[in-house]
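Structure file my_file.txt (compact mmCIF, C-alpha atoms) follows.
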# COMPACT_ATOMS: atom_id res chain seq x y z
CA MET A 1 -25.96 -34.48 -14.91
CA ASN A 2 -22.31 -34.30 -13.98
CA GLN A 3 -21.51 -33.76 -10.34
CA ARG A 4 -19.16 -30.78 -9.91
CA GLN A 5 -15.81 -31.90 -8.57
CA PRO A 6 -14.72 -30.06 -5.44
CA GLU A 7 -11.72 -27.73 -5.80
CA GLN A 8 -8.45 -29.17 -4.62
CA VAL A 9 -7.66 -26.98 -1.68
CA GLU A 10 -4.78 -27.29 0.71
CA VAL A 11 -4.51 -25.48 4.03
CA ILE A 12 -0.87 -25.08 4.98
CA HIS A 13 0.17 -24.28 8.52
CA ARG A 14 3.70 -22.95 8.59
CA ILE A 15 6.16 -22.65 11.42
CA ASN A 16 6.13 -19.11 12.71
CA ARG A 17 9.73 -18.27 11.89
CA ILE A 18 9.59 -14.59 12.75
CA LYS A 19 8.12 -15.34 16.13
CA LYS A 20 10.90 -17.83 16.76
CA LYS A 21 13.39 -15.12 15.89
CA VAL A 22 11.93 -12.36 18.03
CA ALA A 23 10.20 -14.16 20.91
CA PRO A 24 11.78 -13.12 24.19
CA ASP A 25 13.61 -16.12 25.70
CA GLY A 26 12.06 -18.31 23.02
CA ASN A 27 8.64 -17.95 24.60
CA MET A 28 6.40 -18.49 21.57
CA GLY A 29 3.27 -17.79 23.57
CA ALA A 30 4.25 -14.31 24.66
CA PRO A 31 2.63 -11.52 22.67
CA GLY A 32 4.87 -9.45 20.41
CA PHE A 33 6.07 -6.20 21.79
CA ILE A 34 7.44 -2.95 20.43
CA ASN A 35 8.60 -0.58 23.13
CA PRO A 36 5.96 2.20 23.38
CA ASP A 37 8.77 4.75 23.63
CA HIS A 38 10.06 3.55 20.27
CA ILE A 39 6.58 3.90 18.77
CA LYS A 40 6.38 7.42 20.21
CA ASN A 41 9.78 8.27 18.75
CA ALA A 42 8.73 6.89 15.37
CA GLN A 43 5.60 9.03 15.44
CA GLY A 44 7.86 11.96 16.31
CA ILE A 45 9.51 11.57 12.92
CA ILE A 46 6.15 12.38 11.32
CA ASP A 47 5.15 15.02 13.85
CA ASP A 48 8.45 16.85 13.47
CA GLY A 49 8.68 16.22 9.76
CA GLU A 50 7.28 19.49 8.44
CA ASP A 51 10.52 20.21 6.59
CA THR A 52 10.41 16.82 4.89
CA TYR A 53 6.82 17.43 3.86
CA LYS A 54 7.63 20.86 2.44
CA LYS A 55 10.64 19.60 0.54
CA GLU A 56 8.78 16.64 -0.95
CA ILE A 57 5.68 18.63 -1.89
CA ALA A 58 7.74 21.43 -3.46
CA SER A 59 9.49 18.85 -5.61
CA ALA A 60 6.25 17.07 -6.53
CA LEU A 61 4.51 20.32 -7.46
CA LYS A 62 7.44 21.35 -9.63
CA GLN A 63 7.36 17.99 -11.41
CA LEU A 64 3.60 18.26 -11.79
CA SER A 65 3.90 21.64 -13.52
CA THR A 66 6.68 20.36 -15.77
CA GLU A 67 4.74 17.25 -16.75
CA TRP A 68 1.61 19.24 -17.40
CA ALA A 69 3.46 21.75 -19.60
CA LYS A 70 4.95 18.82 -21.50
CA ALA A 71 1.54 17.23 -22.00
CA LYS A 72 0.09 20.39 -23.49
CA THR A 73 2.97 20.97 -25.89
CA SER A 74 3.66 17.34 -26.86
CA PRO A 75 0.37 15.49 -27.25
CA ASP A 76 2.27 12.38 -28.31
CA THR A 77 3.47 11.89 -24.77
CA SER A 78 0.09 12.55 -23.19
CA LYS A 79 -0.54 8.95 -22.14
CA GLU A 80 2.73 8.70 -20.23
CA VAL A 81 2.26 12.17 -18.83
CA THR A 82 -1.21 11.49 -17.47
CA LYS A 83 0.14 8.39 -15.73
CA GLU A 84 2.84 10.55 -14.20
CA ILE A 85 0.24 13.09 -13.12
CA TYR A 86 -1.70 10.31 -11.45
CA ARG A 87 1.45 9.11 -9.67
CA LEU A 88 2.34 12.62 -8.50
CA ALA A 89 -1.20 13.38 -7.34
CA ASN A 90 -1.22 10.12 -5.41
CA TYR A 91 2.13 10.96 -3.86
CA ILE A 92 0.97 14.43 -2.85
CA LYS A 93 -2.16 12.94 -1.30
CA ASP A 94 -0.11 10.30 0.49
CA MET A 95 2.35 12.80 1.97
CA ALA A 96 -0.31 15.37 2.84
CA SER A 97 -2.52 12.86 4.64
CA THR A 98 0.47 11.50 6.59
CA TYR A 99 1.57 14.97 7.70
CA GLU A 100 -2.04 16.10 8.27
CA TYR A 101 -2.24 18.75 5.58
CA GLU A 102 -5.90 18.16 4.92
CA LEU A 103 -6.38 20.71 2.18
CA MET A 104 -3.45 19.43 0.14
CA ASP A 105 -4.73 15.91 0.77
CA TYR A 106 -8.12 16.98 -0.61
CA PHE A 107 -6.63 18.45 -3.82
CA GLY A 108 -4.24 15.55 -4.30
CA HIS A 109 -7.16 13.15 -4.03
CA SER A 110 -9.29 15.24 -6.38
CA LEU A 111 -6.56 15.43 -9.03
CA ARG A 112 -5.78 11.72 -8.73
CA LYS A 113 -9.45 10.94 -9.27
CA PHE A 114 -9.66 13.25 -12.27
CA SER A 115 -6.38 12.11 -13.84
CA ASP A 116 -7.98 8.80 -14.79
CA GLN A 117 -9.93 10.63 -17.47
CA ILE A 118 -7.62 13.45 -18.58
CA ASP A 119 -7.63 14.22 -22.27
CA VAL A 120 -4.84 16.75 -22.67
CA GLN A 121 -6.32 18.13 -25.89
CA ASN A 122 -9.60 18.89 -24.19
CA LYS A 123 -9.73 22.57 -23.17
CA ALA A 124 -12.10 21.83 -20.31
CA HIS A 125 -9.76 19.21 -18.91
CA GLN A 126 -6.86 21.61 -19.26
CA THR A 127 -8.72 24.15 -17.15
CA ILE A 128 -9.55 21.61 -14.46
CA VAL A 129 -5.98 20.30 -14.16
CA GLN A 130 -4.58 23.82 -14.17
CA ALA A 131 -7.03 24.81 -11.42
CA HIS A 132 -5.73 21.93 -9.29
CA ILE A 133 -2.10 22.89 -9.89
CA ASP A 134 -2.83 26.53 -9.04
CA VAL A 135 -4.71 25.85 -5.81
CA MET A 136 -2.13 23.31 -4.68
CA GLY A 137 0.51 25.97 -5.26
CA VAL A 138 -1.42 28.38 -3.05
CA ALA A 139 -2.06 25.76 -0.36
CA TYR A 140 1.66 25.03 -0.35
CA SER A 141 2.92 28.62 -0.35
CA GLN A 142 0.45 29.60 2.39
CA ASN A 143 1.39 26.43 4.33
CA ILE A 144 -2.26 25.67 5.02
CA LYS A 145 -2.51 22.88 7.55
CA GLY A 146 -5.63 21.14 8.82
CA GLN A 147 -8.99 22.34 7.52
CA GLY A 148 -7.48 25.70 6.57
CA GLY A 149 -10.43 28.02 7.33
CA GLU A 150 -11.85 30.52 4.87
CA MET A 151 -9.01 30.34 2.37
CA ALA A 152 -9.38 26.58 2.14
CA LYS A 153 -13.09 26.99 1.44
CA GLU A 154 -12.30 29.48 -1.31
CA LEU A 155 -9.72 27.25 -2.92
CA LYS A 156 -12.03 24.25 -2.81
CA LEU A 157 -14.69 26.40 -4.39
CA ILE A 158 -12.37 27.38 -7.25
CA VAL A 159 -11.66 23.75 -8.10
CA GLY A 160 -15.26 22.71 -7.51
CA LYS A 161 -16.49 25.41 -9.90
CA ALA A 162 -13.94 24.45 -12.54
CA ILE A 163 -15.00 20.82 -12.37
CA ALA A 164 -18.71 21.66 -12.39
CA LYS A 165 -18.45 24.16 -15.25
CA TYR A 166 -16.01 22.37 -17.51
CA SER A 167 -17.02 18.79 -16.93
CA SER A 168 -20.34 19.51 -18.60
CA GLU A 169 -18.49 20.82 -21.70
CA ASP A 170 -16.91 17.45 -22.48
CA MET B 1 7.50 7.74 1.73
CA ALA B 2 9.81 4.71 1.75
CA ASP B 3 12.43 6.80 3.55
CA LEU B 4 9.91 7.81 6.16
CA MET B 5 8.82 4.25 6.78
CA THR B 6 12.44 3.12 6.96
CA SER B 7 13.19 5.74 9.62
CA MET B 8 10.16 4.63 11.62
CA LEU B 9 11.13 0.96 11.40
CA ARG B 10 14.61 1.91 12.55
CA GLU B 11 13.04 3.54 15.62
CA PHE B 12 11.15 0.30 16.26
CA ASN B 13 14.52 -1.42 16.34
CA VAL B 14 13.35 -4.21 14.05
CA GLY B 15 16.81 -5.19 12.83
CA LYS B 16 18.15 -4.85 9.33
CA ILE B 17 15.98 -2.93 6.87
CA ILE B 18 16.45 -3.08 3.11
CA THR B 19 14.86 -0.27 1.11
CA THR B 20 14.72 -0.43 -2.66
CA CYS B 21 13.76 2.17 -5.22
CA SER B 22 12.25 -0.17 -7.79
CA VAL B 23 10.39 -3.45 -7.98
CA GLN B 24 13.29 -4.94 -9.92
CA ASP B 25 15.71 -4.07 -7.10
CA ALA B 26 13.26 -5.52 -4.58
CA LYS B 27 13.09 -8.80 -6.51
CA GLU B 28 16.87 -8.99 -6.64
CA ALA B 29 17.15 -8.34 -2.90
CA VAL B 30 14.62 -11.06 -2.12
CA ASN B 31 16.33 -13.57 -4.42
CA LEU B 32 19.72 -12.74 -3.01
CA ARG B 33 18.76 -13.04 0.65
CA ASN B 34 16.14 -15.76 0.65
CA ILE B 35 17.58 -18.29 -1.77
CA ASN B 36 20.61 -20.40 -0.90
CA ALA B 37 21.35 -18.18 2.07
CA PRO B 38 21.29 -19.06 5.77
CA PRO B 39 17.83 -18.53 7.30
CA SER B 40 19.26 -16.00 9.73
CA ASN B 41 19.95 -13.73 6.73
CA HIS B 42 16.50 -14.13 5.22
CA ILE B 43 14.14 -11.24 4.76
CA ASP B 44 11.31 -11.85 7.26
CA ILE B 45 8.64 -9.41 6.12
CA VAL B 46 8.09 -7.54 2.87
CA ILE B 47 6.43 -4.13 2.96
CA THR B 48 5.21 -2.82 -0.36
CA ASP B 49 3.05 -0.01 -1.63
CA LEU B 50 0.44 -0.25 -4.37
CA LEU B 51 2.74 1.89 -6.56
CA PRO B 52 0.15 3.42 -8.85
CA PRO B 53 -0.63 4.04 -11.64
CA GLN B 54 0.70 0.71 -12.93
CA GLU B 55 -0.01 -0.91 -9.56
CA ASP B 56 3.43 -2.51 -9.62
CA GLY B 57 3.05 -3.38 -5.95
CA LEU B 58 0.38 -5.93 -6.89
CA LYS B 59 2.60 -7.39 -9.61
CA PHE B 60 5.43 -7.66 -7.10
CA MET B 61 3.19 -9.53 -4.66
CA GLU B 62 2.11 -11.84 -7.45
CA TRP B 63 5.77 -12.51 -8.21
CA LEU B 64 6.41 -13.36 -4.57
CA ARG B 65 3.40 -15.66 -4.26
CA THR B 66 4.20 -17.58 -7.44
CA HIS B 67 7.92 -17.92 -6.72
CA ASP B 68 9.45 -21.39 -7.00
CA GLU B 69 11.18 -21.12 -3.64
CA GLU B 70 9.17 -21.64 -0.48
CA SER B 71 11.37 -19.18 1.40
CA VAL B 72 10.01 -16.49 -0.92
CA ARG B 73 6.51 -17.76 -1.64
CA PHE B 74 5.54 -17.82 2.02
CA LEU B 75 6.95 -14.42 2.93
CA PRO B 76 4.54 -12.32 4.97
CA ILE B 77 3.59 -9.18 3.03
CA LEU B 78 2.36 -5.90 4.44
CA PHE B 79 0.61 -4.14 1.59
CA CYS B 80 0.19 -0.36 1.93
CA SER B 81 -2.00 1.95 -0.08
CA ALA B 82 -3.03 5.58 -0.06
CA HIS B 83 -6.25 4.40 -1.71
CA ALA B 84 -8.95 3.63 0.79
CA ASN B 85 -11.37 2.12 -1.71
CA MET B 86 -12.57 -1.45 -1.40
CA ARG B 87 -11.35 -2.49 -4.86
CA ILE B 88 -7.74 -1.79 -3.93
CA VAL B 89 -8.01 -3.40 -0.50
CA LEU B 90 -9.56 -6.53 -1.99
CA SER B 91 -6.99 -6.60 -4.80
CA GLY B 92 -4.26 -6.57 -2.18
CA ARG B 93 -5.90 -9.35 -0.24
CA ASP B 94 -6.61 -11.44 -3.34
CA THR B 95 -3.04 -11.07 -4.58
CA GLY B 96 -1.79 -12.57 -1.34
CA ALA B 97 -1.17 -9.74 1.11
CA THR B 98 -0.86 -10.90 4.69
CA GLU B 99 -1.98 -7.53 6.05
CA VAL B 100 -3.30 -4.42 4.33
CA MET B 101 -2.52 -0.99 5.71
CA VAL B 102 -4.49 1.92 4.34
CA LYS B 103 -2.57 5.14 4.73
CA PRO B 104 -2.11 7.76 6.25
CA LEU B 105 0.85 6.19 7.90
CA THR B 106 1.11 6.43 11.68
CA ALA B 107 3.60 4.75 13.98
CA GLU B 108 0.83 3.09 15.96
CA LYS B 109 -0.77 1.64 12.84
CA LEU B 110 2.54 0.34 11.49
CA ALA B 111 3.49 -1.25 14.82
CA HIS B 112 0.05 -2.84 15.13
CA ARG B 113 0.21 -4.40 11.65
CA LEU B 114 3.73 -5.76 12.20
CA LEU B 115 2.79 -7.29 15.53
CA HIS B 116 -0.30 -8.80 13.97
CA ILE B 117 1.82 -10.48 11.30
CA ILE B 118 4.15 -11.87 13.97
CA ASP B 119 1.60 -12.90 16.57
CA LYS B 120 -1.30 -14.04 14.47
CA PRO B 121 0.06 -15.81 11.40
CA ARG B 122 -2.66 -17.17 9.18
CA PRO B 123 -2.44 -20.49 7.42
CA TYR B 124 -1.80 -20.37 3.70
CA ILE B 125 -4.39 -21.51 1.24
CA LYS B 126 -3.38 -23.26 -1.94
CA ALA B 127 -6.27 -23.47 -4.37
CA PRO B 128 -6.42 -23.59 -8.18
CA SER B 129 -7.19 -19.89 -8.34
CA PHE B 130 -5.45 -18.57 -5.26
CA PHE B 131 -2.33 -18.89 -3.21
CA GLY B 132 -1.75 -16.81 -0.11
CA PRO B 133 -2.70 -16.31 3.50
CA ASP B 134 -6.22 -17.36 4.45
CA ARG B 135 -8.41 -14.44 3.43
CA ARG B 136 -11.06 -15.08 6.03
CA ARG B 137 -10.61 -13.01 9.15
CA GLN B 138 -13.71 -13.23 11.23
CA MET B 139 -17.41 -13.76 10.89
CA THR B 140 -19.19 -10.45 11.36
CA SER B 141 -22.55 -10.29 13.08
CA GLU B 142 -24.24 -9.51 9.73
CA GLN B 143 -22.64 -12.54 8.16
CA LYS B 144 -24.81 -15.38 9.33
CA THR B 145 -23.46 -18.14 7.17
CA GLU B 146 -20.06 -19.49 6.34
CA ARG B 147 -18.95 -18.17 2.91
CA ARG B 148 -16.52 -20.96 2.23
CA THR B 149 -18.39 -23.65 0.38
CA LEU B 150 -15.88 -26.43 0.83
CA LYS B 151 -16.28 -28.72 3.79
CA GLN B 152 -13.35 -29.37 6.09
CA LYS B 153 -13.20 -32.95 4.86
CA ASP B 154 -12.61 -31.79 1.28
CA MET B 155 -9.52 -29.85 2.25
CA LYS B 156 -6.08 -31.22 2.71
CA VAL B 157 -4.48 -29.80 5.83
CA SER B 158 -0.72 -29.87 6.26
CA HIS B 159 1.56 -28.72 9.03
CA GLU B 160 5.15 -27.86 8.36
CA SER B 161 7.46 -29.88 10.56
CA GLU B 162 10.40 -28.45 12.49
CA ALA B 163 12.81 -30.40 10.33
CA ALA B 164 11.60 -28.71 7.15
Show the structure stored in the file as structure tokens.
Amino acid sequence: MNQRQPEQVEVIHRINRIKKKVAPDGNMGAPGFINPDHIKNAQGIIDDGEDTYKKEIASALKQLSTEWAKAKTSPDTSKEVTKEIYRLANYIKDMASTYEYELMDYFGHSLRKFSDQIDVQNKAHQTIVQAHIDVMGVAYSQNIKGQGGEMAKELKLIVGKAIAKYSSED
Amino acid sequence: MADLMTSMLREFNVGKIITTCSVQDAKEAVNLRNINAPPSNHIDIVITDLLPPQEDGLKFMEWLRTHDEESVRFLPILFCSAHANMRIVLSGRDTGATEVMVKPLTAEKLAHRLLHIIDKPRPYIKAPSFFGPDRRRQMTSEQKTERRTLKQKDMKVSHESEAA
């Protein structure tokens, strides 16, 4: 029986060039440091960035509606459109989680998950995607931040029911 | 999201930041600054997102790790993703990410990952099926045995010299 040859593996230790660049007084042993005030200021960009969030989400939701309308009327483009829906849902999730809009994060995640399987000709799928677009529109217009209370529960229920009802009709 | 991260990095006072809108632009920026240019002008760290649905961020990392030039191939990469699932995290690691940052983005998290890249550089592993930073981090308490099957004696170990 042939003996299996060991893989040729090389372990390469490189000079730490960045450390050399940033080490205070060339002290390579000193731990890296970012001024805590600078970190606080950077976090402030997120904490004070409600306007950025609103602007970006408004634009993403508009694009989402446009893409979805296109998908329903031009089935030929459905493959590209579903990829774009995935990208937009991911972007909405990304922005919402960063700015702590939990409900929008939840719907963005849910749509991203569903967009893997969207068949634009399928009526059930149309209903599910439309339900996501509608509730995201409400979550945006009502500016629901955090858990969102009773309205958030209702909106989640709407999408949950749509998925439960129409998924079984595939 | 790139704009947000750029603003945060600016607050960190990290030096020059190059933001690109496409993978193609990113490749051009890396080629321009890290090949035939003085080391002081080199890009030091690359930050990339997964960029779904095509996952272009992974393809970009693959391009970096298979580049002919050492000044590109060995670039530290911070790979970010809004996906928290294990498949994506492992894909990032297996494509050669130095650090993986699962979003949401916070200043503390970003600073921590950057400092980790600077302070705790990992050796690179060159194997027939992989090139990138050593993927092993630490042995957890549940992990009783060493997963790497190769013995130290079967590995070639090299250290870059100052003159390189």
Self-check item: Contact residues (chain A, partner chain B, 6 Å, only C-alpha atoms) as a PyMOL selection string
Solution: chain A and resi 9-14+19+32+38-39+42-43+87+94+97-98
Written selection (C-alpha atoms) as a PDB file, in the coordinates of the input:
ATOM      1  CA  VAL A   9      -7.660 -26.980  -1.680  1.00  0.00           C
ATOM      2  CA  GLU A  10      -4.780 -27.290   0.710  1.00  0.00           C
ATOM      3  CA  VAL A  11      -4.510 -25.480   4.030  1.00  0.00           C
ATOM      4  CA  ILE A  12      -0.870 -25.080   4.980  1.00  0.00           C
ATOM      5  CA  HIS A  13       0.170 -24.280   8.520  1.00  0.00           C
ATOM      6  CA  ARG A  14       3.700 -22.950   8.590  1.00  0.00           C
ATOM      7  CA  LYS A  19       8.120 -15.340  16.130  1.00  0.00           C
ATOM      8  CA  GLY A  32       4.870  -9.450  20.410  1.00  0.00           C
ATOM      9  CA  HIS A  38      10.060   3.550  20.270  1.00  0.00           C
ATOM     10  CA  ILE A  39       6.580   3.900  18.770  1.00  0.00           C
ATOM     11  CA  ALA A  42       8.730   6.890  15.370  1.00  0.00           C
ATOM     12  CA  GLN A  43       5.600   9.030  15.440  1.00  0.00           C
ATOM     13  CA  ARG A  87       1.450   9.110  -9.670  1.00  0.00           C
ATOM     14  CA  ASP A  94      -0.110  10.300   0.490  1.00  0.00           C
ATOM     15  CA  SER A  97      -2.520  12.860   4.640  1.00  0.00           C
ATOM     16  CA  THR A  98       0.470  11.500   6.590  1.00  0.00           C
TER      17      THR A  98
END
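Here CA of Ser78 (chain A) is placed at a distance of 26.2 Å from CA of Ala96 (chain A).
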Exercise. How many Å lie between CA of Ile77 (chain B) and CA of Glu99 (chain B), rounded to one decimal?
Worked result: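 Computed distance, CA of Ile77 (chain B) to CA of Glu99 (chain B), equals 6.5 Å.
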Next on the checklist: One number please: CA of Ile15 (chain A) to CA of Met28 (chain A), in Å, one decimal.
Outcome noted: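 That distance, rounded to one decimal, is 11.0 Å.
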With all atoms listed in the file as the counted atoms, please give the residues lying no more than 8 Å from Ser71 (chain B), apart from itself and same-chain residues fewer than 3 positions off, as a CSV table (one decimal) with C-alpha atoms, in the coordinates of the input.
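What landed in around-v6.csv:
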chain,number,residue,atom,x,y,z
B,34,ASN,CA,16.1,-15.8,0.6
B,35,ILE,CA,17.6,-18.3,-1.8
B,74,PHE,CA,5.5,-17.8,2.0
B,75,LEU,CA,7.0,-14.4,2.9
What's around Ala2 (chain B) at 10 Å? Count all atoms listed in the file, leave out sequence neighbours fewer than 5 positions away in its own chain, and write the answer as an NGL selection string.
:B and (7-8 or 19-21 or 47-49)
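Comparing the minimum interatomic distances between Lys153 (chain A) and each of A:Asp119, A:Ser74, A:Leu103, A:Lys54, counting only C-alpha atoms, we find that A:Leu103 sits nearest.
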Once you count all atoms listed in the file, what closest atom pair and distance in Å to one decimal does each residue of region 23-85 of chain A within 12 Å of region 141-145 of chain A have, with rows by chain and rising residue number, as CSV?
residue,atom,partner,partner_atom,distance
A:Glu50,CA,A:Asn143,CA,10.0
A:Asp51,CA,A:Asn143,CA,11.3
A:Tyr53,CA,A:Asn143,CA,10.5
A:Lys54,CA,A:Asn143,CA,8.6
A:Lys55,CA,A:Ser141,CA,11.9
A:Ile57,CA,A:Ser141,CA,10.5
A:Ala58,CA,A:Ser141,CA,9.2
A:Leu61,CA,A:Ser141,CA,11.0
Proximity to Ile88 (chain B) - best of B:Val102, B:Gly15, B:Ser22, B:Ala37, all atoms listed in the file: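 Checking each of B:Val102, B:Gly15, B:Ser22, B:Ala37 against Ile88 (chain B), counting all atoms listed in the file, the winner is B:Val102.
Distances from A:Thr66, A:Asn90, A:Thr52, A:Thr82 to Ser110 (chain A) were compared using only C-alpha atoms, and the smallest one belongs to A:Asn90.
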| message | When you count only C-alpha atoms, which of these residues is closest to Leu58 (chain B): B:Val72, B:Ile17, B:Val30, B:Cys80? | response |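 Checking each candidate against Leu58 (chain B), we get B:Cys80 as the closest.
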